[in-house]
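Participant: My structure is in my_file-v4.pdb, and what it holds is PDB, C-alpha atoms:
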MODEL        1
ATOM      1  CA  MET A   1      13.664   4.877 -12.667
ATOM      2  CA  LEU A   2      11.730   4.873 -15.946
ATOM      3  CA  ILE A   3       9.987   1.771 -17.231
ATOM      4  CA  ALA A   4       8.691   1.012 -20.709
ATOM      5  CA  THR A   5       5.321  -0.637 -21.250
ATOM      6  CA  ASN A   6       5.673  -1.156 -25.020
ATOM      7  CA  GLY A   7       8.210  -1.267 -27.854
ATOM      8  CA  LYS A   8       7.964   2.462 -28.593
ATOM      9  CA  GLU A   9       8.692   3.427 -24.977
ATOM     10  CA  LEU A  10      11.541   0.899 -24.851
ATOM     11  CA  ALA A  11      13.079   2.482 -27.965
ATOM     12  CA  ALA A  12      12.842   5.892 -26.238
ATOM     13  CA  LEU A  13      14.650   4.532 -23.165
ATOM     14  CA  GLN A  14      17.342   2.978 -25.383
ATOM     15  CA  ALA A  15      17.830   6.369 -27.055
ATOM     16  CA  LEU A  16      18.770   7.869 -23.662
ATOM     17  CA  GLY A  17      21.828   5.618 -23.835
ATOM     18  CA  ASP A  18      22.572   5.201 -20.127
ATOM     19  CA  ARG A  19      21.529   1.529 -19.969
ATOM     20  CA  ASN A  20      21.474  -1.529 -22.226
ATOM     21  CA  TYR A  21      18.125  -3.212 -22.834
ATOM     22  CA  VAL A  22      17.686  -6.879 -23.682
ATOM     23  CA  GLN A  23      14.203  -7.947 -24.745
ATOM     24  CA  PHE A  24      13.075 -11.482 -23.943
ATOM     25  CA  THR A  25      10.310 -14.017 -24.399
ATOM     26  CA  ILE A  26      10.537 -16.768 -21.803
ATOM     27  CA  VAL A  27       8.589 -19.990 -22.234
ATOM     28  CA  LYS A  28       7.896 -22.268 -19.279
ATOM     29  CA  ALA A  29      10.609 -24.951 -19.289
ATOM     30  CA  LYS A  30      12.712 -27.064 -16.932
ATOM     31  CA  ALA A  31      15.943 -25.229 -17.825
ATOM     32  CA  PRO A  32      16.447 -21.470 -17.322
ATOM     33  CA  GLN A  33      16.884 -19.181 -20.339
ATOM     34  CA  LYS A  34      19.839 -16.809 -20.598
ATOM     35  CA  VAL A  35      18.914 -13.106 -20.823
ATOM     36  CA  GLY A  36      21.979 -10.869 -20.937
ATOM     37  CA  ASP A  37      24.206 -12.203 -18.146
ATOM     38  CA  VAL A  38      21.404 -13.593 -15.972
ATOM     39  CA  ALA A  39      19.232 -16.700 -16.313
ATOM     40  CA  ILE A  40      15.439 -16.728 -15.924
ATOM     41  CA  ARG A  41      13.148 -19.707 -15.521
ATOM     42  CA  LEU A  42       9.385 -19.210 -15.676
ATOM     43  CA  GLU A  43       7.630 -21.160 -12.943
ATOM     44  CA  ARG A  44       4.064 -19.925 -13.311
ATOM     45  CA  ALA A  45       2.138 -17.570 -15.575
ATOM     46  CA  ASP A  46      -1.442 -16.444 -14.934
ATOM     47  CA  PRO A  47      -2.682 -14.391 -17.923
ATOM     48  CA  LYS A  48      -6.118 -13.792 -16.336
ATOM     49  CA  LYS A  49      -4.614 -11.986 -13.340
ATOM     50  CA  ASN A  50      -1.499 -10.728 -15.207
ATOM     51  CA  ARG A  51       0.731 -12.382 -12.565
ATOM     52  CA  TYR A  52       3.826 -14.551 -12.899
ATOM     53  CA  SER A  53       6.482 -16.309 -10.820
ATOM     54  CA  ILE A  54      10.092 -16.744 -11.934
ATOM     55  CA  GLU A  55      13.409 -18.089 -10.724
ATOM     56  CA  LEU A  56      16.177 -15.551 -11.349
ATOM     57  CA  THR A  57      19.853 -16.565 -11.366
ATOM     58  CA  ALA A  58      22.583 -13.896 -11.232
ATOM     59  CA  ASP A  59      26.163 -14.408  -9.973
ATOM     60  CA  ASP A  60      25.396 -18.109  -9.358
ATOM     61  CA  LYS A  61      22.732 -17.077  -6.842
ATOM     62  CA  THR A  62      19.134 -18.089  -7.533
ATOM     63  CA  THR A  63      16.187 -16.182  -6.085
ATOM     64  CA  GLU A  64      12.504 -16.786  -6.515
ATOM     65  CA  LYS A  65      10.282 -13.877  -7.468
ATOM     66  CA  LYS A  66       6.738 -15.031  -6.790
ATOM     67  CA  ASP A  67       3.384 -13.588  -7.813
ATOM     68  CA  ARG A  68       4.680 -10.474  -9.577
ATOM     69  CA  GLY A  69       2.549  -8.172 -11.716
ATOM     70  CA  VAL A  70       2.841  -6.846 -15.253
ATOM     71  CA  ASN A  71       5.006  -3.687 -15.608
ATOM     72  CA  GLU A  72       6.218  -4.111 -12.010
ATOM     73  CA  PRO A  73      10.004  -3.493 -12.075
ATOM     74  CA  LEU A  74      12.113  -6.114 -10.290
ATOM     75  CA  GLN A  75      15.429  -4.605  -9.223
ATOM     76  CA  PHE A  76      18.423  -6.703  -8.259
ATOM     77  CA  MET A  77      22.180  -6.243  -7.923
ATOM     78  CA  THR A  78      25.025  -8.259  -9.417
ATOM     79  CA  SER A  79      28.630  -8.266  -8.240
ATOM     80  CA  LYS A  80      29.919  -6.367 -11.293
ATOM     81  CA  ALA A  81      27.308  -3.610 -11.439
ATOM     82  CA  LYS A  82      27.279  -0.399  -9.417
ATOM     83  CA  GLN A  83      23.602   0.179 -10.204
ATOM     84  CA  PRO A  84      20.731  -2.314 -10.007
ATOM     85  CA  TYR A  85      19.590  -4.374 -12.944
ATOM     86  CA  GLU A  86      15.879  -4.056 -13.651
ATOM     87  CA  LEU A  87      13.596  -6.746 -15.035
ATOM     88  CA  VAL A  88      10.183  -5.728 -16.393
ATOM     89  CA  VAL A  89       7.551  -8.119 -17.749
ATOM     90  CA  ASN A  90       5.115  -6.366 -20.114
ATOM     91  CA  ASP A  91       2.926  -9.316 -21.116
ATOM     92  CA  VAL A  92       1.833 -12.568 -19.471
ATOM     93  CA  LYS A  93       0.468 -15.297 -21.754
ATOM     94  CA  LYS A  94      -0.239 -18.960 -21.126
ATOM     95  CA  ASP A  95       3.155 -20.437 -20.093
ATOM     96  CA  THR A  96       5.023 -17.406 -21.565
ATOM     97  CA  ILE A  97       6.225 -13.991 -20.367
ATOM     98  CA  VAL A  98       7.491 -11.137 -22.543
ATOM     99  CA  GLY A  99       9.527  -8.182 -21.324
ATOM    100  CA  TYR A 100      12.998  -6.681 -21.052
ATOM    101  CA  LEU A 101      16.064  -6.575 -18.850
ATOM    102  CA  SER A 102      17.636  -3.175 -18.204
ATOM    103  CA  ILE A 103      21.396  -3.446 -17.616
ATOM    104  CA  PRO A 104      23.467  -0.504 -16.317
ATOM    105  CA  LYS A 105      26.289   0.489 -18.686
ATOM    106  CA  VAL A 106      28.614   1.595 -15.875
ATOM    107  CA  LEU A 107      30.214  -1.593 -14.554
ATOM    108  CA  ASN A 108      32.942  -1.989 -11.949
ATOM    109  CA  THR A 109      36.406  -2.291 -13.461
ATOM    110  CA  ARG A 110      37.634  -4.882 -10.972
ATOM    111  CA  ASN A 111      36.306  -8.445 -10.987
TER
ENDMDL
END
Give the structure from the file, written as structure tokens.

Facilitator:
Amino acid sequence: MLIATNGKELAALQALGDRNYVQFTIVKAKAPQKVGDVAIRLERADPKKNRYSIELTADDKTTEKKDRGVNEPLQFMTSKAKQPYELVVNDVKKDTIVGYLSIPKVLNTRN
């Protein structure tokens, strides 16, 4: 699976047209932020080590992703997707992460 490390590469991936890409900037807060059809809450950001920890909610299931690195793709499944979603954080700042969510375009027809 291809990952983008900057806006130009993300535009190239979008041009391929097989997935939808949602860019995000998540600020540390008590409530999760909606990105596409998932919710993300930033727990910890360490800009010196380029590491972060998040709480990811998809299909009413919350999972913790701890101590992840920049440009490290996090893959996860949802009930309506046949392929995994992919979350990539490109930049870790103080109490903020910036990245994108890659959503497969081919979804199951039954819910």

Participant: Could you give me, as a PyMOL selection string, the residues within 12 Å of region 66-76 of chain A, counting only C-alpha atoms and dropping anything in the same chain fewer than 3 positions from it?

Facilitator: chain A and resi 1-6+38+41-59+61-63+79-93+97-104

Participant: Just to confirm, what's the straight-line distance from CA of Lys105 (chain A) to CA of Arg19 (chain A) in Å (one decimal)?

Facilitator: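 Taking CA of Lys105 (chain A) and CA of Arg19 (chain A), their separation equals 5.0 Å.
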
Participant: Counting all atoms listed in the file, find the residues whose atoms lie at most 6 Å from (8.2, -18.9, -19.9) (file coordinates) and write them out as a VMD selection string.

Facilitator: chain A and resid 26 to 28 42 95 to 97

Participant: How about saving the chosen residues, C-alpha atoms kept, as a tab-separated table (two decimals), keeping the file's coordinate frame?

Facilitator:
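Below is the file that was written, part34.tsv:
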chain	number	residue	atom	x	y	z
A	26	ILE	CA	10.54	-16.77	-21.80
A	27	VAL	CA	8.59	-19.99	-22.23
A	28	LYS	CA	7.90	-22.27	-19.28
A	42	LEU	CA	9.38	-19.21	-15.68
A	95	ASP	CA	3.16	-20.44	-20.09
A	96	THR	CA	5.02	-17.41	-21.56
A	97	ILE	CA	6.22	-13.99	-20.37

Participant: Can you tell me how far CA of Asp60 (chain A) sits from CA of Asp37 (chain A), in Å to one decimal?

Facilitator: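 Here the two named atoms are 10.7 Å from each other.
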
Participant: What does the distance between CA of Gln14 (chain A) and CA of Gln33 (chain A) come to in Å, to one decimal place?

Facilitator: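 These two atoms are separated by 22.7 Å.
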
Participant: Using only C-alpha atoms, which residue out of A:Lys94, A:Glu64, A:Lys8, A:Gly36 lies closest to Tyr21 (chain A)?

Facilitator: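 With only C-alpha atoms as the atom set, the closest residue is A:Gly36.
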
Participant: Determine the axis-aligned bounding box of all atoms of region 36-48 of chain A present in the file, pad each side by 6 Å, and express its centre and edge lengths in Å to one decimal place as JSON.

Facilitator:
{"center_x": 9.0, "center_y": -16.0, "center_z": -16.9, "size_x": 42.3, "size_y": 22.3, "size_z": 20.0}
